[in-house]
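The next block is input-v1.cif, given as mmCIF, N, CA and C atoms.
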```
data_final
#
loop_
_atom_site.group_PDB
_atom_site.id
_atom_site.type_symbol
_atom_site.label_atom_id
_atom_site.label_comp_id
_atom_site.auth_asym_id
_atom_site.auth_seq_id
_atom_site.Cartn_x
_atom_site.Cartn_y
_atom_site.Cartn_z
ATOM 1 N N MET A 1 0.844 -1.172 0.000
ATOM 2 C CA MET A 1 0.000 0.000 0.000
ATOM 3 C C MET A 1 0.894 1.240 0.000
ATOM 4 N N ASN A 2 0.597 2.168 -0.891
ATOM 5 C CA ASN A 2 1.437 3.358 -0.944
ATOM 6 C C ASN A 2 0.954 4.406 0.056
ATOM 7 N N LYS A 3 1.789 5.368 0.318
ATOM 8 C CA LYS A 3 1.532 6.365 1.349
ATOM 9 C C LYS A 3 0.288 7.209 1.059
ATOM 10 N N SER A 4 0.034 7.589 -0.167
ATOM 11 C CA SER A 4 -1.092 8.455 -0.497
ATOM 12 C C SER A 4 -2.428 7.731 -0.348
ATOM 13 N N SER A 5 -2.513 6.456 -0.698
ATOM 14 C CA SER A 5 -3.786 5.758 -0.581
ATOM 15 C C SER A 5 -4.116 5.448 0.872
ATOM 16 N N SER A 6 -3.121 5.184 1.721
ATOM 17 C CA SER A 6 -3.406 4.914 3.126
ATOM 18 C C SER A 6 -3.839 6.194 3.838
ATOM 19 N N ALA A 7 -3.319 7.334 3.438
ATOM 20 C CA ALA A 7 -3.705 8.604 4.050
ATOM 21 C C ALA A 7 -5.155 8.927 3.732
ATOM 22 N N SER A 8 -5.583 8.673 2.500
ATOM 23 C CA SER A 8 -6.967 8.985 2.145
ATOM 24 C C SER A 8 -7.937 8.011 2.801
ATOM 25 N N ALA A 9 -7.495 6.825 3.128
ATOM 26 C CA ALA A 9 -8.368 5.841 3.748
ATOM 27 C C ALA A 9 -8.713 6.211 5.196
ATOM 28 N N VAL A 10 -7.855 6.947 5.878
ATOM 29 C CA VAL A 10 -8.100 7.280 7.271
ATOM 30 C C VAL A 10 -8.610 8.705 7.475
ATOM 31 N N GLN A 11 -8.751 9.463 6.414
ATOM 32 C CA GLN A 11 -9.253 10.827 6.548
ATOM 33 C C GLN A 11 -10.738 10.790 6.899
ATOM 34 N N PRO A 12 -11.141 11.579 7.877
ATOM 35 C CA PRO A 12 -12.566 11.609 8.222
ATOM 36 C C PRO A 12 -13.370 12.277 7.119
ATOM 37 N N GLN A 13 -14.611 11.873 7.018
ATOM 38 C CA GLN A 13 -15.500 12.506 6.044
ATOM 39 C C GLN A 13 -15.866 13.892 6.548
ATOM 40 N N ALA A 14 -16.249 14.747 5.623
ATOM 41 C CA ALA A 14 -16.646 16.107 5.998
ATOM 42 C C ALA A 14 -17.822 16.029 6.966
ATOM 43 N N SER A 15 -17.756 16.785 8.030
ATOM 44 C CA SER A 15 -18.839 16.754 9.015
ATOM 45 C C SER A 15 -20.023 17.555 8.496
ATOM 46 N N GLN A 16 -21.193 17.140 8.927
ATOM 47 C CA GLN A 16 -22.407 17.843 8.538
ATOM 48 C C GLN A 16 -22.667 18.951 9.537
ATOM 49 N N ALA A 17 -23.302 19.999 9.083
ATOM 50 C CA ALA A 17 -23.641 21.108 9.965
ATOM 51 C C ALA A 17 -24.653 20.646 11.002
ATOM 52 N N VAL A 18 -24.513 21.142 12.210
ATOM 53 C CA VAL A 18 -25.456 20.824 13.272
ATOM 54 C C VAL A 18 -26.562 21.867 13.236
ATOM 55 N N LEU A 19 -27.789 21.404 13.132
ATOM 56 C CA LEU A 19 -28.928 22.303 13.092
ATOM 57 C C LEU A 19 -29.277 22.759 14.502
ATOM 58 N N PRO A 20 -29.822 23.973 14.663
ATOM 59 C CA PRO A 20 -30.170 24.462 16.007
ATOM 60 C C PRO A 20 -31.082 23.513 16.778
ATOM 61 N N SER A 21 -31.965 22.806 16.097
ATOM 62 C CA SER A 21 -32.873 21.899 16.786
ATOM 63 C C SER A 21 -32.134 20.721 17.413
ATOM 64 N N GLU A 22 -30.879 20.508 17.018
ATOM 65 C CA GLU A 22 -30.106 19.408 17.565
ATOM 66 C C GLU A 22 -29.313 19.823 18.803
ATOM 67 N N PHE A 23 -29.291 21.115 19.118
ATOM 68 C CA PHE A 23 -28.589 21.575 20.306
ATOM 69 C C PHE A 23 -29.426 21.252 21.532
ATOM 70 N N PRO A 24 -28.776 21.024 22.659
ATOM 71 C CA PRO A 24 -29.558 20.814 23.875
ATOM 72 C C PRO A 24 -30.264 22.097 24.293
ATOM 73 N N GLU A 25 -31.244 21.971 25.132
ATOM 74 C CA GLU A 25 -32.000 23.123 25.636
ATOM 75 C C GLU A 25 -31.049 24.122 26.285
ATOM 76 N N ARG A 26 -31.222 25.380 25.967
ATOM 77 C CA ARG A 26 -30.406 26.446 26.567
ATOM 78 C C ARG A 26 -31.069 26.888 27.865
ATOM 79 N N LEU A 27 -30.268 27.049 28.907
ATOM 80 C CA LEU A 27 -30.763 27.538 30.185
ATOM 81 C C LEU A 27 -30.340 28.989 30.357
ATOM 82 N N VAL A 28 -31.257 29.812 30.861
ATOM 83 C CA VAL A 28 -30.970 31.230 31.008
ATOM 84 C C VAL A 28 -31.050 31.645 32.472
ATOM 85 N N THR A 29 -30.339 32.703 32.810
ATOM 86 C CA THR A 29 -30.293 33.209 34.175
ATOM 87 C C THR A 29 -31.546 34.022 34.490
ATOM 88 N N PHE A 30 -31.723 34.293 35.793
ATOM 89 C CA PHE A 30 -32.842 35.119 36.216
ATOM 90 C C PHE A 30 -32.750 36.519 35.616
ATOM 91 N N GLU A 31 -31.537 37.033 35.522
ATOM 92 C CA GLU A 31 -31.359 38.373 34.941
ATOM 93 C C GLU A 31 -31.863 38.405 33.505
ATOM 94 N N GLU A 32 -31.608 37.343 32.761
ATOM 95 C CA GLU A 32 -32.106 37.300 31.376
ATOM 96 C C GLU A 32 -33.626 37.166 31.349
ATOM 97 N N VAL A 33 -34.175 36.378 32.271
ATOM 98 C CA VAL A 33 -35.635 36.243 32.362
ATOM 99 C C VAL A 33 -36.252 37.618 32.628
ATOM 100 N N GLN A 34 -35.694 38.361 33.573
ATOM 101 C CA GLN A 34 -36.198 39.707 33.863
ATOM 102 C C GLN A 34 -36.093 40.616 32.647
ATOM 103 N N SER A 35 -34.969 40.556 31.976
ATOM 104 C CA SER A 35 -34.751 41.393 30.804
ATOM 105 C C SER A 35 -35.744 41.072 29.694
ATOM 106 N N ARG A 36 -35.982 39.799 29.473
ATOM 107 C CA ARG A 36 -36.866 39.392 28.376
ATOM 108 C C ARG A 36 -38.332 39.630 28.671
ATOM 109 N N THR A 37 -38.714 39.570 29.948
ATOM 110 C CA THR A 37 -40.127 39.754 30.285
ATOM 111 C C THR A 37 -40.442 41.184 30.702
ATOM 112 N N GLY A 38 -39.454 41.893 31.246
ATOM 113 C CA GLY A 38 -39.686 43.237 31.747
ATOM 114 C C GLY A 38 -40.310 43.262 33.131
ATOM 115 N N PHE A 39 -40.379 42.116 33.792
ATOM 116 C CA PHE A 39 -40.982 42.038 35.122
ATOM 117 C C PHE A 39 -39.934 41.893 36.209
ATOM 118 N N ARG A 40 -40.317 42.339 37.397
ATOM 119 C CA ARG A 40 -39.436 42.261 38.568
ATOM 120 C C ARG A 40 -39.531 40.885 39.224
ATOM 121 N N LYS A 41 -38.565 40.663 40.099
ATOM 122 C CA LYS A 41 -38.451 39.390 40.805
ATOM 123 C C LYS A 41 -39.742 38.999 41.532
ATOM 124 N N SER A 42 -40.341 39.932 42.252
ATOM 125 C CA SER A 42 -41.541 39.614 43.040
ATOM 126 C C SER A 42 -42.696 39.146 42.153
ATOM 127 N N PHE A 43 -42.885 39.797 41.006
ATOM 128 C CA PHE A 43 -43.961 39.395 40.103
ATOM 129 C C PHE A 43 -43.682 38.015 39.517
ATOM 130 N N ILE A 44 -42.467 37.796 39.068
ATOM 131 C CA ILE A 44 -42.122 36.511 38.454
ATOM 132 C C ILE A 44 -42.324 35.376 39.443
ATOM 133 N N TYR A 45 -41.827 35.536 40.664
ATOM 134 C CA TYR A 45 -41.975 34.457 41.652
ATOM 135 C C TYR A 45 -43.424 34.279 42.097
ATOM 136 N N SER A 46 -44.214 35.335 42.137
ATOM 137 C CA SER A 46 -45.639 35.167 42.469
ATOM 138 C C SER A 46 -46.358 34.402 41.359
ATOM 139 N N GLN A 47 -45.982 34.655 40.119
ATOM 140 C CA GLN A 47 -46.572 33.923 38.995
ATOM 141 C C GLN A 47 -46.147 32.447 39.005
ATOM 142 N N ILE A 48 -44.907 32.177 39.400
ATOM 143 C CA ILE A 48 -44.439 30.791 39.526
ATOM 144 C C ILE A 48 -45.272 30.084 40.598
ATOM 145 N N GLN A 49 -45.500 30.752 41.737
ATOM 146 C CA GLN A 49 -46.294 30.164 42.828
ATOM 147 C C GLN A 49 -47.710 29.824 42.374
ATOM 148 N N LYS A 50 -48.277 30.652 41.494
ATOM 149 C CA LYS A 50 -49.628 30.428 40.974
ATOM 150 C C LYS A 50 -49.656 29.416 39.830
ATOM 151 N N GLY A 51 -48.479 28.985 39.378
ATOM 152 C CA GLY A 51 -48.405 28.061 38.248
ATOM 153 C C GLY A 51 -48.612 28.744 36.908
ATOM 154 N N GLU A 52 -48.425 30.060 36.869
ATOM 155 C CA GLU A 52 -48.670 30.838 35.651
ATOM 156 C C GLU A 52 -47.396 31.312 34.962
ATOM 157 N N PHE A 53 -46.263 30.859 35.462
ATOM 158 C CA PHE A 53 -44.966 31.200 34.866
ATOM 159 C C PHE A 53 -44.088 29.966 34.984
ATOM 160 N N PRO A 54 -43.218 29.728 34.003
ATOM 161 C CA PRO A 54 -42.363 28.530 34.058
ATOM 162 C C PRO A 54 -41.503 28.484 35.322
ATOM 163 N N ALA A 55 -41.486 27.336 35.958
ATOM 164 C CA ALA A 55 -40.651 27.138 37.145
ATOM 165 C C ALA A 55 -39.195 26.965 36.713
ATOM 166 N N PRO A 56 -38.282 27.358 37.577
ATOM 167 C CA PRO A 56 -36.868 27.211 37.230
ATOM 168 C C PRO A 56 -36.402 25.768 37.350
ATOM 169 N N VAL A 57 -35.296 25.502 36.693
ATOM 170 C CA VAL A 57 -34.563 24.251 36.850
ATOM 171 C C VAL A 57 -33.529 24.533 37.928
ATOM 172 N N LYS A 58 -33.537 23.742 38.998
ATOM 173 C CA LYS A 58 -32.587 23.955 40.087
ATOM 174 C C LYS A 58 -31.316 23.156 39.799
ATOM 175 N N ILE A 59 -30.181 23.824 39.863
ATOM 176 C CA ILE A 59 -28.878 23.193 39.704
ATOM 177 C C ILE A 59 -28.071 23.599 40.929
ATOM 178 N N GLY A 60 -28.018 22.697 41.897
ATOM 179 C CA GLY A 60 -27.412 23.055 43.171
ATOM 180 C C GLY A 60 -28.248 24.148 43.810
ATOM 181 N N SER A 61 -27.618 25.246 44.174
ATOM 182 C CA SER A 61 -28.360 26.370 44.744
ATOM 183 C C SER A 61 -28.743 27.399 43.683
ATOM 184 N N SER A 62 -28.413 27.131 42.434
ATOM 185 C CA SER A 62 -28.709 28.058 41.331
ATOM 186 C C SER A 62 -30.038 27.722 40.674
ATOM 187 N N SER A 63 -30.659 28.719 40.130
ATOM 188 C CA SER A 63 -31.884 28.552 39.352
ATOM 189 C C SER A 63 -31.628 29.011 37.929
ATOM 190 N N ARG A 64 -32.086 28.232 36.980
ATOM 191 C CA ARG A 64 -32.017 28.597 35.559
ATOM 192 C C ARG A 64 -33.364 28.255 34.936
ATOM 193 N N TRP A 65 -33.708 28.950 33.885
ATOM 194 C CA TRP A 65 -34.967 28.718 33.194
ATOM 195 C C TRP A 65 -34.696 28.196 31.799
ATOM 196 N N LYS A 66 -35.584 27.332 31.325
ATOM 197 C CA LYS A 66 -35.471 26.825 29.959
ATOM 198 C C LYS A 66 -35.813 27.963 29.010
ATOM 199 N N ASP A 67 -34.911 28.230 28.096
ATOM 200 C CA ASP A 67 -35.075 29.304 27.120
ATOM 201 C C ASP A 67 -36.388 29.152 26.359
ATOM 202 N N SER A 68 -36.692 27.936 25.937
ATOM 203 C CA SER A 68 -37.906 27.703 25.145
ATOM 204 C C SER A 68 -39.170 28.007 25.947
ATOM 205 N N GLU A 69 -39.170 27.705 27.243
ATOM 206 C CA GLU A 69 -40.353 27.974 28.064
ATOM 207 C C GLU A 69 -40.567 29.471 28.260
ATOM 208 N N ILE A 70 -39.491 30.216 28.398
ATOM 209 C CA ILE A 70 -39.620 31.676 28.534
ATOM 210 C C ILE A 70 -40.114 32.277 27.215
ATOM 211 N N SER A 71 -39.551 31.824 26.111
ATOM 212 C CA SER A 71 -39.993 32.310 24.793
ATOM 213 C C SER A 71 -41.467 31.998 24.564
ATOM 214 N N ASP A 72 -41.883 30.784 24.907
ATOM 215 C CA ASP A 72 -43.284 30.394 24.740
ATOM 216 C C ASP A 72 -44.201 31.237 25.617
ATOM 217 N N TRP A 73 -43.776 31.508 26.858
ATOM 218 C CA TRP A 73 -44.580 32.300 27.782
ATOM 219 C C TRP A 73 -44.768 33.718 27.232
ATOM 220 N N VAL A 74 -43.692 34.326 26.764
ATOM 221 C CA VAL A 74 -43.772 35.679 26.202
ATOM 222 C C VAL A 74 -44.668 35.676 24.957
ATOM 223 N N SER A 75 -44.477 34.717 24.077
ATOM 224 C CA SER A 75 -45.290 34.634 22.855
ATOM 225 C C SER A 75 -46.771 34.479 23.182
ATOM 226 N N LYS A 76 -47.083 33.676 24.186
ATOM 227 C CA LYS A 76 -48.488 33.466 24.586
ATOM 228 C C LYS A 76 -49.095 34.757 25.117
ATOM 229 N N ARG A 77 -48.332 35.515 25.908
ATOM 230 C CA ARG A 77 -48.843 36.787 26.432
ATOM 231 C C ARG A 77 -49.115 37.772 25.296
ATOM 232 N N ILE A 78 -48.231 37.812 24.310
ATOM 233 C CA ILE A 78 -48.430 38.692 23.144
ATOM 234 C C ILE A 78 -49.673 38.252 22.377
ATOM 235 N N GLN A 79 -49.797 36.956 22.156
ATOM 236 C CA GLN A 79 -50.946 36.414 21.422
ATOM 237 C C GLN A 79 -52.255 36.716 22.165
ATOM 238 N N ASP A 80 -52.268 36.522 23.483
ATOM 239 C CA ASP A 80 -53.467 36.806 24.278
ATOM 240 C C ASP A 80 -53.833 38.288 24.208
ATOM 241 N N SER A 81 -52.831 39.144 24.256
ATOM 242 C CA SER A 81 -53.063 40.583 24.202
ATOM 243 C C SER A 81 -53.663 40.987 22.854
ATOM 244 N N GLU A 82 -53.116 40.424 21.788
ATOM 245 C CA GLU A 82 -53.627 40.739 20.441
ATOM 246 C C GLU A 82 -55.035 40.207 20.252
ATOM 247 N N SER A 83 -55.316 39.032 20.798
ATOM 248 C CA SER A 83 -56.658 38.465 20.700
ATOM 249 C C SER A 83 -57.675 39.328 21.442
ATOM 250 N N ALA A 84 -57.285 39.790 22.628
ATOM 251 C CA ALA A 84 -58.180 40.652 23.414
ATOM 252 C C ALA A 84 -58.422 41.975 22.702
ATOM 253 N N LYS A 85 -57.379 42.517 22.090
ATOM 254 C CA LYS A 85 -57.506 43.794 21.366
ATOM 255 C C LYS A 85 -58.435 43.614 20.171
ATOM 256 N N ASN A 86 -58.295 42.512 19.455
ATOM 257 C CA ASN A 86 -59.156 42.256 18.287
ATOM 258 C C ASN A 86 -60.603 42.002 18.690
ATOM 259 N N ALA A 87 -60.812 41.436 19.860
ATOM 260 C CA ALA A 87 -62.168 41.166 20.336
ATOM 261 C C ALA A 87 -62.899 42.467 20.669
ATOM 262 N N ARG A 88 -62.170 43.509 21.068
ATOM 263 C CA ARG A 88 -62.783 44.795 21.415
ATOM 264 C C ARG A 88 -63.141 45.613 20.180
ATOM 265 N N VAL A 89 -62.528 45.319 19.065
ATOM 266 C CA VAL A 89 -62.755 46.132 17.858
ATOM 267 C C VAL A 89 -64.053 45.806 17.198
#
```

Before anything else, please render the file you have as C-alpha coordinates.
Amino acid sequence: MNKSSSASAVQPQASQAVLPSEFPERLVTFEEVQSRTGFRKSFIYSQIQKGEFPAPVKIGSSSRWKDSEISDWVSKRIQDSESAKNARV
(Lines of atoms letter the chains of each structure in order from A and count residues from 1; the text may use other names and numbers.)
(Lines give C-alpha, C1' and ligand atoms only; values in the text may rest on other atoms or scores of the structure.)
Protein backbone atom coordinates (compact mmCIF):
# COMPACT_ATOMS: atom_id res chain seq x y z
CA MET A 1 0.00 0.00 0.00
CA ASN A 2 1.44 3.36 -0.94
CA LYS A 3 1.53 6.36 1.35
CA SER A 4 -1.09 8.46 -0.50
CA SER A 5 -3.79 5.76 -0.58
CA SER A 6 -3.41 4.91 3.13
CA ALA A 7 -3.70 8.60 4.05
CA SER A 8 -6.97 8.99 2.15
CA ALA A 9 -8.37 5.84 3.75
CA VAL A 10 -8.10 7.28 7.27
CA GLN A 11 -9.25 10.83 6.55
CA PRO A 12 -12.57 11.61 8.22
CA GLN A 13 -15.50 12.51 6.04
CA ALA A 14 -16.65 16.11 6.00
CA SER A 15 -18.84 16.75 9.02
CA GLN A 16 -22.41 17.84 8.54
CA ALA A 17 -23.64 21.11 9.96
CA VAL A 18 -25.46 20.82 13.27
CA LEU A 19 -28.93 22.30 13.09
CA PRO A 20 -30.17 24.46 16.01
CA SER A 21 -32.87 21.90 16.79
CA GLU A 22 -30.11 19.41 17.57
CA PHE A 23 -28.59 21.58 20.31
CA PRO A 24 -29.56 20.81 23.88
CA GLU A 25 -32.00 23.12 25.64
CA ARG A 26 -30.41 26.45 26.57
CA LEU A 27 -30.76 27.54 30.18
CA VAL A 28 -30.97 31.23 31.01
CA THR A 29 -30.29 33.21 34.18
CA PHE A 30 -32.84 35.12 36.22
CA GLU A 31 -31.36 38.37 34.94
CA GLU A 32 -32.11 37.30 31.38
CA VAL A 33 -35.64 36.24 32.36
CA GLN A 34 -36.20 39.71 33.86
CA SER A 35 -34.75 41.39 30.80
CA ARG A 36 -36.87 39.39 28.38
CA THR A 37 -40.13 39.75 30.29
CA GLY A 38 -39.69 43.24 31.75
CA PHE A 39 -40.98 42.04 35.12
CA ARG A 40 -39.44 42.26 38.57
CA LYS A 41 -38.45 39.39 40.81
CA SER A 42 -41.54 39.61 43.04
CA PHE A 43 -43.96 39.40 40.10
CA ILE A 44 -42.12 36.51 38.45
CA TYR A 45 -41.97 34.46 41.65
CA SER A 46 -45.64 35.17 42.47
CA GLN A 47 -46.57 33.92 39.00
CA ILE A 48 -44.44 30.79 39.53
CA GLN A 49 -46.29 30.16 42.83
CA LYS A 50 -49.63 30.43 40.97
CA GLY A 51 -48.41 28.06 38.25
CA GLU A 52 -48.67 30.84 35.65
CA PHE A 53 -44.97 31.20 34.87
CA PRO A 54 -42.36 28.53 34.06
CA ALA A 55 -40.65 27.14 37.14
CA PRO A 56 -36.87 27.21 37.23
CA VAL A 57 -34.56 24.25 36.85
CA LYS A 58 -32.59 23.95 40.09
CA ILE A 59 -28.88 23.19 39.70
CA GLY A 60 -27.41 23.05 43.17
CA SER A 61 -28.36 26.37 44.74
CA SER A 62 -28.71 28.06 41.33
CA SER A 63 -31.88 28.55 39.35
CA ARG A 64 -32.02 28.60 35.56
CA TRP A 65 -34.97 28.72 33.19
CA LYS A 66 -35.47 26.83 29.96
CA ASP A 67 -35.08 29.30 27.12
CA SER A 68 -37.91 27.70 25.14
CA GLU A 69 -40.35 27.97 28.06
CA ILE A 70 -39.62 31.68 28.53
CA SER A 71 -39.99 32.31 24.79
CA ASP A 72 -43.28 30.39 24.74
CA TRP A 73 -44.58 32.30 27.78
CA VAL A 74 -43.77 35.68 26.20
CA SER A 75 -45.29 34.63 22.85
CA LYS A 76 -48.49 33.47 24.59
CA ARG A 77 -48.84 36.79 26.43
CA ILE A 78 -48.43 38.69 23.14
CA GLN A 79 -50.95 36.41 21.42
CA ASP A 80 -53.47 36.81 24.28
CA SER A 81 -53.06 40.58 24.20
CA GLU A 82 -53.63 40.74 20.44
CA SER A 83 -56.66 38.47 20.70
CA ALA A 84 -58.18 40.65 23.41
CA LYS A 85 -57.51 43.79 21.37
CA ASN A 86 -59.16 42.26 18.29
CA ALA A 87 -62.17 41.17 20.34
CA ARG A 88 -62.78 44.79 21.41
CA VAL A 89 -62.75 46.13 17.86

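The spacing separating atom CA of A:Phe23 from atom CA of A:Ser61 amounts to 24.9 Å.
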
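In this structure, atom CA of A:Lys58 sits 15.4 Å away from atom CA of A:Glu31.
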
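Atom CA of A:Gln34 sits 13.6 Å away from atom CA of A:Ser46.
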
Check your understanding: So which residues get picked by the PyMOL selection byres (((chain A and resi 44 and name CA) around 12) and name CA) here, written as a list in words?
Key -> Phe30, Glu31, Val33, Gln34, Ser35, Arg36, Thr37, Gly38, Phe39, Arg40, Lys41, Ser42, Phe43, Tyr45, Ser46, Gln47, Ile48, Gln49, Lys50, Gly51, Glu52, Phe53, Pro54, Ala55, Pro56, Trp65, Ile70 and Trp73 of chain A

Review point. Which residue out of A:Asp72, A:Lys85, A:Gln79, A:Ser63 has the minimum interatomic distance to A:Thr29 when only C-alpha atoms are used?
Key: A:Ser63
